>>> print(open('protein.tsv').read())   # TSV, C-alpha atoms
chain	number	residue	atom	x	y	z
A	1	MET	CA	-7.69	14.34	17.92
A	2	SER	CA	-4.39	15.81	19.09
A	3	LYS	CA	-2.76	14.98	15.75
A	4	GLU	CA	-4.17	14.43	12.31
A	5	ARG	CA	-4.35	10.75	11.43
A	6	MET	CA	-2.76	8.75	8.64
A	7	LEU	CA	-4.16	5.44	7.39
A	8	THR	CA	-2.42	3.21	4.93
A	9	GLY	CA	-1.80	-0.48	4.40
A	10	ASP	CA	-1.57	-3.43	2.04
A	11	ARG	CA	-3.53	-6.48	1.03
A	12	VAL	CA	-2.09	-9.61	2.61
A	13	THR	CA	-1.26	-11.50	-0.58
A	14	GLY	CA	2.53	-11.65	-0.62
A	15	LYS	CA	5.76	-10.01	0.43
A	16	LEU	CA	6.25	-6.35	-0.34
A	17	HIS	CA	8.71	-5.13	-2.97
A	18	LEU	CA	10.54	-2.03	-4.15
A	19	GLY	CA	7.44	-0.78	-5.95
A	20	HIS	CA	5.57	-0.71	-2.64
A	21	TYR	CA	8.50	1.07	-1.03
A	22	VAL	CA	8.63	3.83	-3.64
A	23	GLY	CA	4.85	4.17	-3.94
A	24	SER	CA	3.93	4.29	-0.28
A	25	LEU	CA	6.23	2.72	2.33
A	26	ARG	CA	8.89	5.41	2.14
A	27	ASN	CA	6.23	8.06	2.76
A	28	ARG	CA	4.83	6.13	5.71
A	29	VAL	CA	8.18	5.98	7.46
A	30	GLU	CA	8.83	9.68	6.90
A	31	LEU	CA	5.37	10.77	8.05
A	32	GLN	CA	4.70	8.45	11.00
A	33	HIS	CA	6.00	10.94	13.56
A	34	ARG	CA	3.99	13.79	12.06
A	35	TYR	CA	0.65	11.96	12.10
A	36	GLU	CA	-1.09	9.52	14.41
A	37	SER	CA	-0.46	6.54	12.16
A	38	PHE	CA	-2.48	3.39	11.46
A	39	ILE	CA	-1.00	0.69	9.23
A	40	LEU	CA	-3.52	-1.84	7.95
A	41	LEU	CA	-2.95	-5.52	7.22
A	42	ALA	CA	-5.89	-5.91	4.82
A	43	ASP	CA	-6.65	-9.60	5.17
A	44	VAL	CA	-10.38	-9.28	4.43
A	45	GLN	CA	-9.72	-7.43	1.19
A	46	ALA	CA	-7.17	-10.07	0.25
A	47	LEU	CA	-10.07	-12.54	0.20
A	48	THR	CA	-11.60	-10.67	-2.77
A	49	THR	CA	-9.08	-12.50	-4.98
A	50	HIS	CA	-7.91	-15.32	-2.68
A	51	PHE	CA	-11.11	-16.56	-1.04
A	52	GLU	CA	-10.53	-20.06	-2.44
A	53	ASN	CA	-7.12	-20.28	-0.82
A	54	PRO	CA	-7.14	-18.30	2.44
A	55	GLY	CA	-4.02	-20.15	3.57
A	56	ILE	CA	-2.02	-17.69	1.44
A	57	ILE	CA	-3.27	-14.88	3.63
A	58	ARG	CA	-2.41	-16.68	6.85
A	59	ASP	CA	1.08	-17.44	5.51
A	60	HIS	CA	1.79	-13.83	4.60
A	61	LEU	CA	0.26	-11.88	7.47
A	62	ARG	CA	3.38	-11.92	9.64
A	63	GLU	CA	5.68	-11.69	6.61
A	64	ILE	CA	4.18	-8.33	5.67
A	65	ALA	CA	4.31	-7.24	9.30
A	66	LEU	CA	8.04	-8.01	9.18
A	67	ASP	CA	8.32	-5.95	5.99
A	68	TYR	CA	6.74	-3.00	7.81
A	69	LEU	CA	9.13	-3.30	10.72
A	70	ALA	CA	12.08	-3.80	8.38
A	71	VAL	CA	11.50	-0.59	6.42
A	72	GLY	CA	11.37	1.42	9.64
A	73	ILE	CA	7.77	1.52	10.82
A	74	ASP	CA	8.05	2.14	14.57
A	75	PRO	CA	5.47	0.04	16.48
A	76	GLU	CA	5.71	2.43	19.43
A	77	VAL	CA	4.47	5.21	17.15
A	78	SER	CA	2.39	3.50	14.46
A	79	ALA	CA	-0.45	1.06	15.14
A	80	ILE	CA	-0.03	-1.96	12.88
A	81	PHE	CA	-3.38	-3.77	12.97
A	82	VAL	CA	-5.32	-6.65	11.42
A	83	GLN	CA	-8.38	-5.63	9.40
A	84	SER	CA	-10.54	-8.67	10.20
A	85	MET	CA	-10.14	-7.99	13.92
A	86	ILE	CA	-11.91	-4.62	13.60
A	87	PRO	CA	-15.59	-5.60	13.07
A	88	GLU	CA	-16.58	-1.93	12.92
A	89	ILE	CA	-14.88	-1.73	9.50
A	90	ALA	CA	-17.25	-4.43	8.20
A	91	GLU	CA	-20.22	-2.60	9.71
A	92	LEU	CA	-19.23	0.68	8.07
A	93	THR	CA	-18.80	-1.13	4.74
A	94	VAL	CA	-22.43	-2.28	4.92
A	95	TYR	CA	-23.73	1.20	5.70
A	96	TYR	CA	-21.72	2.83	2.91
A	97	SER	CA	-22.88	0.22	0.39
A	98	MET	CA	-26.43	1.55	0.74
A	99	PHE	CA	-25.59	4.73	-1.15
A	100	VAL	CA	-22.84	3.70	-3.57
A	101	THR	CA	-24.19	2.62	-6.96
A	102	VAL	CA	-23.10	-0.49	-8.82
A	103	ASN	CA	-22.34	1.66	-11.87
A	104	ALA	CA	-19.93	3.81	-9.85
A	105	LEU	CA	-18.06	0.67	-8.80
A	106	ARG	CA	-18.08	-0.89	-12.26
A	107	HIS	CA	-16.57	2.28	-13.73
A	108	ASN	CA	-13.89	2.61	-11.06
A	109	PRO	CA	-10.63	2.56	-13.11
A	110	THR	CA	-8.77	0.41	-10.60
A	111	VAL	CA	-11.58	-2.17	-10.41
A	112	LYS	CA	-11.81	-2.26	-14.21
A	113	ALA	CA	-8.06	-2.72	-14.62
A	114	GLU	CA	-7.88	-5.44	-11.97
A	115	SER	CA	-10.86	-7.36	-13.37
A	116	LYS	CA	-9.38	-7.20	-16.87
A	117	TYR	CA	-6.00	-8.38	-15.63
A	118	ARG	CA	-7.63	-11.32	-13.84
A	119	GLY	CA	-9.87	-12.15	-16.80
A	120	LEU	CA	-13.08	-11.85	-14.79
A	121	ASP	CA	-16.18	-12.08	-16.98
A	122	GLU	CA	-18.30	-11.66	-13.87
A	123	MET	CA	-17.25	-9.94	-10.65
A	124	TYR	CA	-18.03	-11.29	-7.22
A	125	TYR	CA	-19.86	-8.93	-4.88
A	126	GLY	CA	-16.84	-8.64	-2.59
A	127	PHE	CA	-14.47	-7.87	-5.47
A	128	LEU	CA	-16.76	-5.23	-6.91
A	129	GLY	CA	-17.24	-3.65	-3.49
A	130	TYR	CA	-13.54	-3.48	-2.65
A	131	PRO	CA	-13.47	0.36	-2.90
A	132	VAL	CA	-16.36	0.62	-0.42
A	133	SER	CA	-14.48	-1.57	2.03
A	134	GLN	CA	-11.41	0.59	1.56
A	135	ALA	CA	-13.48	3.69	2.34
A	136	ALA	CA	-14.44	2.05	5.64
A	137	ASP	CA	-10.75	1.36	6.35
A	138	ILE	CA	-9.91	5.01	5.91
A	139	THR	CA	-12.86	6.54	7.72
A	140	PHE	CA	-13.16	4.34	10.80
A	141	CYS	CA	-10.23	6.25	12.31
A	142	LYS	CA	-11.09	9.57	10.60
A	143	ALA	CA	-7.81	9.58	8.69
A	144	THR	CA	-6.99	12.86	7.01
A	145	VAL	CA	-4.10	11.61	4.85
A	146	VAL	CA	-3.60	8.34	2.98
A	147	PRO	CA	-0.20	7.61	1.39
A	148	VAL	CA	-0.97	5.61	-1.76
A	149	GLY	CA	0.39	4.58	-5.12
A	150	GLU	CA	-1.00	6.26	-8.22
A	151	ASP	CA	-3.33	3.34	-9.01
A	152	GLN	CA	-5.21	3.87	-5.73
A	153	LEU	CA	-6.27	7.46	-6.42
A	154	PRO	CA	-9.75	6.48	-7.73
A	155	HIS	CA	-10.42	4.71	-4.41
A	156	ILE	CA	-9.53	7.81	-2.44
A	157	GLU	CA	-11.83	9.95	-4.56
A	158	LEU	CA	-14.70	7.51	-3.99
A	159	THR	CA	-13.99	7.65	-0.25
A	160	ARG	CA	-14.26	11.43	-0.34
A	161	LYS	CA	-17.61	11.15	-2.13
A	162	ILE	CA	-18.88	8.63	0.43
A	163	VAL	CA	-17.86	10.92	3.30
A	164	ARG	CA	-19.63	13.90	1.73
A	165	ARG	CA	-22.76	11.85	1.08
A	166	PHE	CA	-22.87	10.48	4.63
A	167	ASN	CA	-22.34	13.89	6.20
A	168	GLU	CA	-25.08	15.41	3.99
A	169	LEU	CA	-27.57	12.60	4.68
A	170	TYR	CA	-27.10	12.48	8.44
A	171	ARG	CA	-24.76	14.96	10.10
A	172	PRO	CA	-21.05	15.82	9.87
A	173	VAL	CA	-19.26	12.94	11.54
A	174	LEU	CA	-16.72	11.69	9.02
A	175	VAL	CA	-13.58	13.37	7.67
A	176	GLU	CA	-12.62	13.72	3.99
A	177	PRO	CA	-9.15	12.27	3.46
A	178	LYS	CA	-6.58	13.44	0.97
A	179	ALA	CA	-4.24	11.19	-1.00
A	180	LEU	CA	-0.52	11.57	-0.57
A	181	VAL	CA	1.34	10.21	-3.60
A	182	GLY	CA	5.11	9.76	-3.49
A	183	GLU	CA	7.48	11.67	-5.75
A	184	MET	CA	7.63	8.54	-7.92
A	185	PRO	CA	4.08	7.13	-7.72
A	186	ARG	CA	4.94	3.85	-9.46
A	187	LEU	CA	8.09	1.90	-10.21
A	188	VAL	CA	8.68	0.15	-13.52
A	189	GLY	CA	9.26	-3.61	-13.39
A	190	THR	CA	12.56	-5.29	-14.23
A	191	ASP	CA	10.97	-6.53	-17.47
A	192	GLY	CA	10.09	-3.00	-18.57
A	193	ASN	CA	6.43	-3.40	-17.66
A	194	ALA	CA	4.89	-0.12	-16.54
A	195	LYS	CA	4.44	-1.38	-12.98
A	196	MET	CA	6.51	-3.60	-10.71
A	197	SER	CA	4.25	-6.42	-9.52
A	198	LYS	CA	4.82	-9.68	-7.68
A	199	SER	CA	2.16	-11.36	-9.82
A	200	LEU	CA	4.06	-10.43	-13.00
A	201	GLY	CA	7.33	-11.79	-11.65
A	202	ASN	CA	9.14	-8.50	-12.34
A	203	ALA	CA	9.59	-7.35	-8.74
A	204	ILE	CA	12.46	-7.21	-6.27
A	205	ALA	CA	11.18	-8.16	-2.81
A	206	LEU	CA	12.30	-6.10	0.16
A	207	ASP	CA	13.80	-9.19	1.80
A	208	SER	CA	15.79	-10.22	-1.29
A	209	ALA	CA	19.28	-11.56	-0.64
A	210	PRO	CA	22.21	-9.61	-2.19
A	211	GLU	CA	22.78	-12.27	-4.85
A	212	GLU	CA	19.10	-12.15	-5.84
A	213	VAL	CA	19.19	-8.37	-6.22
A	214	ASP	CA	22.34	-8.63	-8.32
A	215	TYR	CA	20.83	-11.36	-10.51
A	216	LYS	CA	17.55	-9.53	-11.13
A	217	ILE	CA	19.27	-6.26	-12.00
A	218	ARG	CA	21.75	-8.00	-14.33
A	219	LYS	CA	18.86	-9.74	-16.12
A	220	ALA	CA	16.68	-6.62	-16.25
A	221	VAL	CA	15.84	-5.22	-19.67
A	222	THR	CA	17.40	-1.97	-20.83
A	223	ASP	CA	17.01	0.28	-23.86
A	224	PRO	CA	16.38	-2.21	-26.72
A	225	ALA	CA	17.82	0.24	-29.27
A	226	ARG	CA	21.19	0.27	-27.52
A	227	ILE	CA	23.32	-2.59	-28.85
A	228	ARG	CA	26.87	-1.41	-28.13
A	229	LYS	CA	28.29	0.54	-25.20
A	230	ASN	CA	29.01	3.61	-27.33
A	231	ASP	CA	25.52	3.73	-28.85
A	232	PRO	CA	23.51	6.74	-27.63
A	233	GLY	CA	20.76	5.55	-25.29
A	234	HIS	CA	17.28	6.60	-24.26
A	235	PRO	CA	17.18	6.51	-20.45
A	236	ASP	CA	13.47	7.27	-20.18
A	237	VAL	CA	12.61	3.82	-21.60
A	238	CYS	CA	15.10	1.97	-19.38
A	239	PRO	CA	14.06	0.45	-16.01
A	240	ILE	CA	17.59	0.81	-14.67
A	241	TYR	CA	17.49	4.57	-15.15
A	242	ALA	CA	14.18	4.59	-13.23
A	243	TYR	CA	15.93	2.81	-10.36
A	244	HIS	CA	18.68	5.45	-10.37
A	245	ARG	CA	16.00	8.14	-10.15
A	246	ALA	CA	14.29	6.35	-7.25
A	247	PHE	CA	17.24	5.11	-5.23
A	248	ARG	CA	20.27	7.11	-6.39
A	249	PRO	CA	18.92	10.58	-7.23
A	250	GLU	CA	22.27	12.25	-6.57
A	251	GLY	CA	23.72	10.46	-9.62
A	252	GLU	CA	20.67	10.66	-11.89
A	253	ALA	CA	21.92	13.54	-14.06
A	254	GLU	CA	25.29	11.85	-14.62
A	255	ILE	CA	23.60	8.58	-15.62
A	256	ARG	CA	21.27	10.37	-18.04
A	257	GLU	CA	24.14	12.20	-19.72
A	258	GLY	CA	26.34	9.11	-19.82
A	259	CYS	CA	23.57	7.02	-21.37
A	260	GLU	CA	22.49	9.59	-23.95
A	261	LYS	CA	26.10	10.20	-25.05
A	262	GLY	CA	27.18	6.56	-24.92
A	263	LEU	CA	29.73	7.25	-22.17
A	264	ILE	CA	28.56	4.52	-19.79
A	265	GLY	CA	27.59	0.96	-20.67
A	266	CYS	CA	24.58	-0.90	-19.38
A	267	THR	CA	26.75	-3.22	-17.28
A	268	GLY	CA	28.36	-0.34	-15.41
A	269	CYS	CA	25.04	1.42	-15.04
A	270	LYS	CA	23.48	-1.72	-13.55
A	271	GLN	CA	26.33	-2.18	-11.10
A	272	LEU	CA	25.84	1.33	-9.74
A	273	ALA	CA	22.12	0.54	-9.31
A	274	VAL	CA	22.93	-2.67	-7.43
A	275	THR	CA	25.23	-0.77	-5.07
A	276	ALA	CA	22.51	1.80	-4.37
A	277	LEU	CA	19.92	-0.90	-3.73
A	278	GLU	CA	22.23	-2.74	-1.36
A	279	GLY	CA	22.70	0.47	0.62
A	280	LEU	CA	18.91	0.65	0.99
A	281	LEU	CA	18.15	-3.02	1.64
A	282	GLU	CA	20.94	-4.06	4.00
A	283	PRO	CA	19.57	-2.10	7.03
A	284	MET	CA	16.14	-3.57	6.23
A	285	ARG	CA	17.57	-7.09	6.33
A	286	GLU	CA	19.12	-6.39	9.73
A	287	ARG	CA	15.85	-5.11	11.21
A	288	ARG	CA	13.92	-7.98	9.67
A	289	THR	CA	16.34	-10.56	11.11
A	290	TYR	CA	15.99	-8.95	14.55
A	291	TYR	CA	12.19	-9.17	14.57
A	292	ALA	CA	12.00	-12.54	12.79
A	293	ALA	CA	13.93	-14.02	15.72
A	294	LYS	CA	11.24	-12.68	18.09
A	295	PRO	CA	7.91	-14.03	16.75
A	296	LYS	CA	6.12	-13.47	20.08
A	297	ARG	CA	7.15	-9.82	20.02
A	298	VAL	CA	5.76	-9.47	16.49
A	299	ASP	CA	2.44	-10.94	17.66
A	300	GLU	CA	2.41	-8.52	20.60
A	301	ILE	CA	2.93	-5.62	18.19
A	302	LEU	CA	-0.02	-6.73	16.05
A	303	LEU	CA	-2.29	-7.30	19.02
A	304	ASP	CA	-1.37	-3.96	20.58
A	305	GLY	CA	-1.88	-2.09	17.30
A	306	THR	CA	-5.21	-3.83	16.74
A	307	SER	CA	-6.35	-2.93	20.26
A	308	ARG	CA	-5.48	0.74	19.65
A	309	ALA	CA	-7.36	0.75	16.35
A	310	ARG	CA	-10.37	-1.04	17.85
A	311	ALA	CA	-10.78	1.57	20.59
A	312	ILE	CA	-11.01	4.33	17.99
A	313	ALA	CA	-13.30	2.23	15.78
A	314	ARG	CA	-15.78	1.80	18.65
A	315	GLU	CA	-15.93	5.55	19.22
A	316	THR	CA	-16.43	6.30	15.52
A	317	MET	CA	-19.22	3.74	15.28
A	318	ARG	CA	-20.94	5.25	18.31
A	319	GLU	CA	-21.01	8.59	16.48
A	320	VAL	CA	-22.09	6.99	13.18
A	321	ARG	CA	-25.00	5.09	14.73
A	322	GLU	CA	-26.10	8.16	16.63
A	323	ALA	CA	-26.00	10.28	13.45
A	324	MET	CA	-28.04	7.67	11.58
A	325	GLY	CA	-30.54	7.31	14.44
A	326	ILE	CA	-29.89	3.60	14.87
A	327	ASP	CA	-28.47	3.80	18.40
A	328	TYR	CA	-31.73	2.28	19.61
A	329	PHE	CA	-30.85	1.39	23.18
A	330	ASP	CA	-27.80	3.53	23.93
A	331	LYS	CA	-29.91	6.07	25.81
A	332	VAL	CA	-32.23	3.65	27.60
>>> encode(input="protein.tsv", output="structure tokens")
Amino acid sequence: MSKERMLTGDRVTGKLHLGHYVGSLRNRVELQHRYESFILLADVQALTTHFENPGIIRDHLREIALDYLAVGIDPEVSAIFVQSMIPEIAELTVYYSMFVTVNALRHNPTVKAESKYRGLDEMYYGFLGYPVSQAADITFCKATVVPVGEDQLPHIELTRKIVRRFNELYRPVLVEPKALVGEMPRLVGTDGNAKMSKSLGNAIALDSAPEEVDYKIRKAVTDPARIRKNDPGHPDVCPIYAYHRAFRPEGEAEIREGCEKGLIGCTGCKQLAVTALEGLLEPMRERRTYYAAKPKRVDEILLDGTSRARAIARETMREVREAMGIDYFDKV
């Protein structure tokens, strides 16, 4: 490899939001010229929770691709590809599943949290094995770095264990990746929930119109102990202060002081946050509008990125099969 590789992506279950941007997307844009970059549209993994309604995945595939292009992913530099169109990922998933225990998957913190949130008394095989599939995503292209949100760290650690186990069992073929977490690994929701999430209805989508951003920020919760403007506030419990930290860091100290001393009201604080968000989102809207008007070009980008990823996947699988001794006829 001439450059180290970066692999990252998202499940195809809905439009991306500011939490995705802070947790991973911003890093991807900044790093795409430093690494050979692969951006995954994880449609197979989306089936772990949406297998009964795959139409959702079909509806959102190109929407998320537009989100990628809108935030500044350069398709000439980064390969945006469709997971289900890389059969080698599925093959790797099967091989890895042979030496990952069920207990290790059941005790994965992210799997446990997701199953609890969804109220699953029993877990389907595909849902339980999601981290193994993710390990195949990362390793098929021998990615060395993976920009992720904080909640994905257990998956990266499992991937590292799988790589070590494979290389010990057979021979060194795979590469251990390292997680790259953003300065703010998760963004609080507008309702004060610890994490912004589309399923909780507390998110601001990247394609939100100006009036929608304004409405959601105006309705967002603030410090519940602060009744009047002059009351001293507690910025660390306020989502709006978190948005200043994430999107207006140059004014963070002033906001903290103004809140704690009762020098700025919540309305004024929110308006400054709206202005900062508009400065971020308006260029995204322009890029999204440009690509949305060219659906054939978007499809070309996905097909080209998938072709680039598939070529690397074939080479990795050749090495994997050879290391495992299952390249039965390659030398005949």
>>> closest_residue(input="protein.tsv", among="A:Cys266, A:Val71, A:Leu61, A:Ile162", to="Tyr96 (chain A)", atoms="all atoms listed in the file")
A:Ile162
>>> closest_residue(input="protein.tsv", among="A:Arg58, A:Gly19, A:Arg218, A:Glu322", to="Pro172 (chain A)", atoms="only C-alpha atoms")
A:Glu322
>>> closest_atom_pairs(input="protein.tsv", of="region 137-202 of chain A", to="region 89-95 of chain A", cutoff="9 Å", atoms="only C-alpha atoms", output="tab-separated table")
residue	atom	partner	partner_atom	distance
A:Asp137	CA	A:Ile89	CA	6.0
A:Thr139	CA	A:Leu92	CA	8.7
A:Phe140	CA	A:Ile89	CA	6.4
>>> closest_residue(input="protein.tsv", among="A:Ala70, A:Asp231, A:Phe247, A:Gly23", to="Glu282 (chain A)", atoms="only C-alpha atoms")
A:Ala70
>>> residues_around(input="protein.tsv", residues="region 219-227 of chain A", least_positions_apart="5", cutoff="7 Å", atoms="all atoms listed in the file", output="VMD selection string")
chain A and resid 190 to 192 232 to 234 237 to 240
>>> atom_distance(input="protein.tsv", atom1="CA of Thr159 (chain A)", atom2="CA of Thr316 (chain A)")
16.0 Å
>>> closest_residue(input="protein.tsv", among="A:Met98, A:Val148, A:Leu40, A:Ala179", to="Gly129 (chain A)", atoms="all atoms listed in the file")
A:Met98
>>> atom_distance(input="protein.tsv", atom1="CA of Ile156 (chain A)", atom2="CA of His50 (chain A)")
23.2 Å
>>> atom_distance(input="protein.tsv", atom1="CA of Asn193 (chain A)", atom2="CA of Pro235 (chain A)")
14.9 Å
>>> closest_residue(input="protein.tsv", among="A:Phe51, A:Phe99, A:Tyr241, A:Tyr290", to="Arg165 (chain A)", atoms="all atoms listed in the file")
A:Phe99
>>> residues_around(input="protein.tsv", residues="Ser307 (chain A)", least_positions_apart="6", cutoff="9 Å", atoms="only C-alpha atoms", output="ChimeraX atom specification")
/A:79,81,85-86
